[in-house]
Amino acid sequence: MDTLMDISSAVFLLIGSFLCVSGGVGILRFPDFYTRMHAVGVTETLATAMILIGLMLQNPDGLVLLKLIIILLMTLFISPTASHALANAAMQNKLMPKLDKNDVNEKETSSNP
Amino acid sequence: MLIAATIAILVVMIMAILRTIMGPTLYDRILAVNLFGTKTVLLISLLGFLMGRPEFLDIAIVYALINFISVIGVLHYSDASIFKGDDQQKKIMKKNS
Amino acid sequence: MAFLVATAIAIVRMKDLFSVIMLLGIYSLLSACFFVAMDAVDVAFTEAAVGAGISTLLMLVAITMTGRAENPSRHKPVLALVVVTITGSLLVYGTLDMPYFGLAEDPVHLHVAPRYINDSMQEVGVPNIVTSVLASYRAFDTFGEVVVIFTAGIGVLALLSVVRLPKDVAKDISGIDSFNKCMHEEHLILRIVAKMLIPFILLFALYVQFHGDYGPGGGFQAGVIFAAAIILYTMLFGMSTARRVINQSFIQLLAATGVLLYGIVGVISLLNGKNFLDYSALSTDPVAGQHLGILLIELGVGITVTAVMVIIFFNFAGRRNDQQNKENNDS
């Protein structure tokens with residue numbers, strides 16, 4: 001029973017770190033803002049959930065378990081909302097997605113550095 | 001296993017910092033800071049477990065909330081029409097509205 | 001550590017102030033991680049709450065009033081660079097003489113610290129030594145800190161407050177409904193999620209306040225989290241609605257009440273025949289007196305910090321609102 005929980009915790013942590021790193025690679029290599037947002041927004045929530053479940057399986061001890069569940073619930077609410085708000089704000093400030101590889105990028109953005 | 005996860009998260013944080021410095025538009029930078037914040041929450045929880053002091057989870061909860069509030073704040077104040085002295089932007093906004 | 005240096009260099013070199021604020025957020029996060037790695041929990045807590053949250057928001061509001069790009073500097077600051085390098089290397093040379101970090105015979109570990117660490121449990125009876133040092137052994141210093149925060153709030157009020165005439169207030173109230181309707185479609189999802197989250201944040205702030213005896217926390221952190229919840233509400237629902245919920249005179253009263261509570265606890269101990277802010281005079285059993293004293297002053301600190309942060313934010317943002325309304329009316 002103990003080794004089973006150890007192994008499953010290790011598996012969850014491994015999956016979580018892999019998703020996390022793939023999100024990080026995505027944010028560096030994707031060509032456009034909206035594609036980067038796909039990479040980060042999806043993998044970030046899932047990686048957090050996996051790693052937190054892995055931590056929960058390692059140390060099932062009353063108050064610590066409760067706090068980990070609270071962090072998990074909050075992340076499930078907060079991360080997608082933040083991604084939505086970011087995409088909405090970018091769209092309203094007229095940051096256009098790059099639709100075609102040969103497309104001249106119509107970034108009439110008002111936020112150039 | 002915990003140590004491997006910690007190293008993975010540190011690597012992602014380095015990537016997020018690179019994107020903050022490099023990102024051509026403002027929204028890339030906000031996205032990268034949001035990512036950095038979520039990874040900090042995970043890093044603090046993992047460090048708490050590694051060092052055997054689960055009180056760090058309080059910091060993780062606070063940090064997740066503060067990250068959210070900061071990102072919403074930045075987005076709210078990043079509308080172009082509220083910057084003083086950007087006359088050209090105001091003309092564009094007036095033409096479009 | 002290398003991250004901190006790299007981020008600091010990047011902050012200085014960039015010209016766009018908005019990106020600078022992002023980088024400042026990352027800088028304060030890195031400091032918080034650094035403190036966690038050094039096992040200093042309360043400091044990390046405060047740094048994460050204040051540096052990444054409130055500082056970033058306040059600087060953002062300041063930027064909206066000053067414009068986004070830095071003025072190009074007109075001369076090369078070579079002399080300043082030379083002076084800074086010389087001073088920095090002198091300081092580093094001075095620290096080479098100091099004892100190695102964490103060695104047991106350091107003077108810093110010999111005189112005051114062992115007494116705090118050894119005697120804190122019997123004298124004060126509170127598991128969190130940081131709180132016992134901050135609130136009981138060094139309560140007078142903490143009193144000074146609270147008064148400093150209060151003075152900062154008064155300074156902002158004196159410089160930036162805008163007198164609200166009754167006709168302005170009436171116009172605000174009548175404008176709220178139309179404002180709410182047009183904002184509603186834009187921010188629908190955010191509003192619903194915020195309505196669910198804000199009670200939880202307030203409850204968590206109360207937990208941090210009163211759990212400061214046993215875990216990391218205490219008055220300062222709780223005050224910052226409370227203020228952050230109120231700022232979230234203000235951003236999403238509009239300044240006018242927020243002013244109706246918390247009007248200006250109430251919050252000023254709260255700020256003064258916190259400092260007054262702290263002072264009253266000290267004066268009561270004086271009146272009972274012991275030193276100022278010596279809590280064993282507060283009840284018959286000295287340890288229970290310490291508990292009561294710490295509870296009351298942490299409450300005072302929390303109230304003052306919340307009220308001052310909200311005052312500063314309302315004044316900055318209210319000023320920006322008025323400026324924007326005036327510009328819309330002029331052009």
# chains A, B, ... in the order shown; residues from 1 in each chain; ligands from 1

call {"tool": "interface_residues", "arguments": {"of": "chain B", "to": "chain C", "cutoff": "8 Å", "atoms": "only C-alpha atoms", "output": "ChimeraX atom specification"}}
result
/B:17,20-21,26,29-30,33,36-37,40,44,47,55-56,58-59,62-63,65-67,69-70,72-74,76-77,82-86

call {"tool": "write_last_selection", "arguments": {"atoms": "C-alpha atoms", "output": "tab-separated table (two decimals), in the first residue's frame"}}
result
chain	number	residue	atom	x	y	z
B	17	ILE	CA	12.09	35.13	-17.92
B	20	THR	CA	9.58	38.42	-20.71
B	21	ILE	CA	12.76	40.06	-21.94
B	26	LEU	CA	3.13	43.72	-24.19
B	29	ARG	CA	5.16	39.74	-21.32
B	30	ILE	CA	1.98	39.59	-19.28
B	33	VAL	CA	4.67	36.79	-15.87
B	36	PHE	CA	6.09	32.60	-13.76
B	37	GLY	CA	3.61	33.20	-10.98
B	40	THR	CA	6.27	29.98	-8.22
B	44	ILE	CA	7.06	26.96	-3.06
B	47	LEU	CA	10.30	23.31	-1.57
B	55	GLU	CA	3.73	25.72	6.57
B	56	PHE	CA	4.88	26.98	3.19
B	58	ASP	CA	0.06	29.21	3.24
B	59	ILE	CA	2.51	31.23	1.17
B	62	VAL	CA	-1.44	33.75	-0.92
B	63	TYR	CA	0.78	33.82	-3.92
B	65	LEU	CA	-4.36	34.87	-5.20
B	66	ILE	CA	-1.94	37.76	-5.56
B	67	ASN	CA	-0.86	36.54	-8.98
B	69	ILE	CA	-5.13	40.01	-8.82
B	70	SER	CA	-1.95	41.38	-10.38
B	72	ILE	CA	-6.27	41.38	-13.73
B	73	GLY	CA	-4.89	44.72	-12.58
B	74	VAL	CA	-2.33	44.88	-15.35
B	76	HIS	CA	-7.34	46.62	-16.60
B	77	TYR	CA	-4.76	49.36	-16.76
B	82	ILE	CA	-6.12	55.80	-20.69
B	83	PHE	CA	-2.53	56.79	-21.21
B	84	LYS	CA	-1.94	60.48	-20.89
B	85	GLY	CA	-0.15	62.09	-23.77
B	86	ASP	CA	-0.82	59.44	-26.40

call {"tool": "interface_residues", "arguments": {"of": "chain A", "to": "chain C", "cutoff": "12 Å", "atoms": "only C-alpha atoms", "output": "PyMOL selection string"}}
result
chain A and resi 67+70+73-86+88-89+91-92+110-113

call {"tool": "interface_residues", "arguments": {"of": "chain B", "to": "chain A", "cutoff": "6 Å", "atoms": "only C-alpha atoms", "output": "list in words"}}
result
Ala5, Ala8, Val12, Thr25, Leu26 and Ile61 of chain B

call {"tool": "atom_distance", "arguments": {"atom1": "atom CA of C:Thr234", "atom2": "atom CA of C:Ser249"}}
result
17.1 Å

call {"tool": "atom_distance", "arguments": {"atom1": "atom CA of C:Thr304", "atom2": "atom CA of C:Gly258"}}
result
4.7 Å

call {"tool": "atom_distance", "arguments": {"atom1": "atom CA of B:Asn34", "atom2": "atom CA of C:Arg319"}}
result
28.2 Å

call {"tool": "residues_around", "arguments": {"residues": "C:Phe210", "least_positions_apart": "6", "cutoff": "9 Å", "atoms": "only C-alpha atoms", "output": "list in words"}}
result
Gly217, Gly218, Gly219, Ala222, Leu295, Glu298 and Leu299 of chain C

call {"tool": "write_last_selection", "arguments": {"atoms": "N, CA and C atoms", "output": "PDB file, in the first residue's frame"}}
result
ATOM      1  N   GLY C 217       2.493  34.465   9.270  1.00  0.00           N
ATOM      2  CA  GLY C 217       1.332  35.323   9.129  1.00  0.00           C
ATOM      3  C   GLY C 217       1.455  36.526  10.024  1.00  0.00           C
ATOM      4  N   GLY C 218       0.338  36.990  10.541  1.00  0.00           N
ATOM      5  CA  GLY C 218       0.401  38.156  11.397  1.00  0.00           C
ATOM      6  C   GLY C 218      -0.306  39.329  10.772  1.00  0.00           C
ATOM      7  N   GLY C 219      -0.195  40.470  11.410  1.00  0.00           N
ATOM      8  CA  GLY C 219      -0.989  41.621  11.014  1.00  0.00           C
ATOM      9  C   GLY C 219      -0.648  42.190   9.658  1.00  0.00           C
ATOM     10  N   ALA C 222      -1.793  40.006   6.676  1.00  0.00           N
ATOM     11  CA  ALA C 222      -3.249  39.932   6.585  1.00  0.00           C
ATOM     12  C   ALA C 222      -3.822  41.231   6.061  1.00  0.00           C
ATOM     13  N   LEU C 295      -2.538  39.463  20.514  1.00  0.00           N
ATOM     14  CA  LEU C 295      -3.737  39.423  19.688  1.00  0.00           C
ATOM     15  C   LEU C 295      -4.219  40.835  19.351  1.00  0.00           C
ATOM     16  N   GLU C 298      -1.782  42.834  17.008  1.00  0.00           N
ATOM     17  CA  GLU C 298      -1.798  42.370  15.631  1.00  0.00           C
ATOM     18  C   GLU C 298      -3.066  42.830  14.942  1.00  0.00           C
ATOM     19  N   LEU C 299      -4.184  42.835  15.703  1.00  0.00           N
ATOM     20  CA  LEU C 299      -5.426  43.338  15.128  1.00  0.00           C
ATOM     21  C   LEU C 299      -5.280  44.797  14.718  1.00  0.00           C
TER      22      LEU C 299
END

call {"tool": "select_by_dssp", "arguments": {"residues": "stretch 2-111 of chain A", "states": "helix (DSSP H, G or I)", "output": "number ranges by chain"}}
result
A: 2-29, 33-58, 62-92

call {"tool": "closest_residue", "arguments": {"among": "C:Ile251, C:Ala62, C:Ala288, C:Ile297", "to": "C:Ile264", "atoms": "only C-alpha atoms"}}
result
C:Ile297
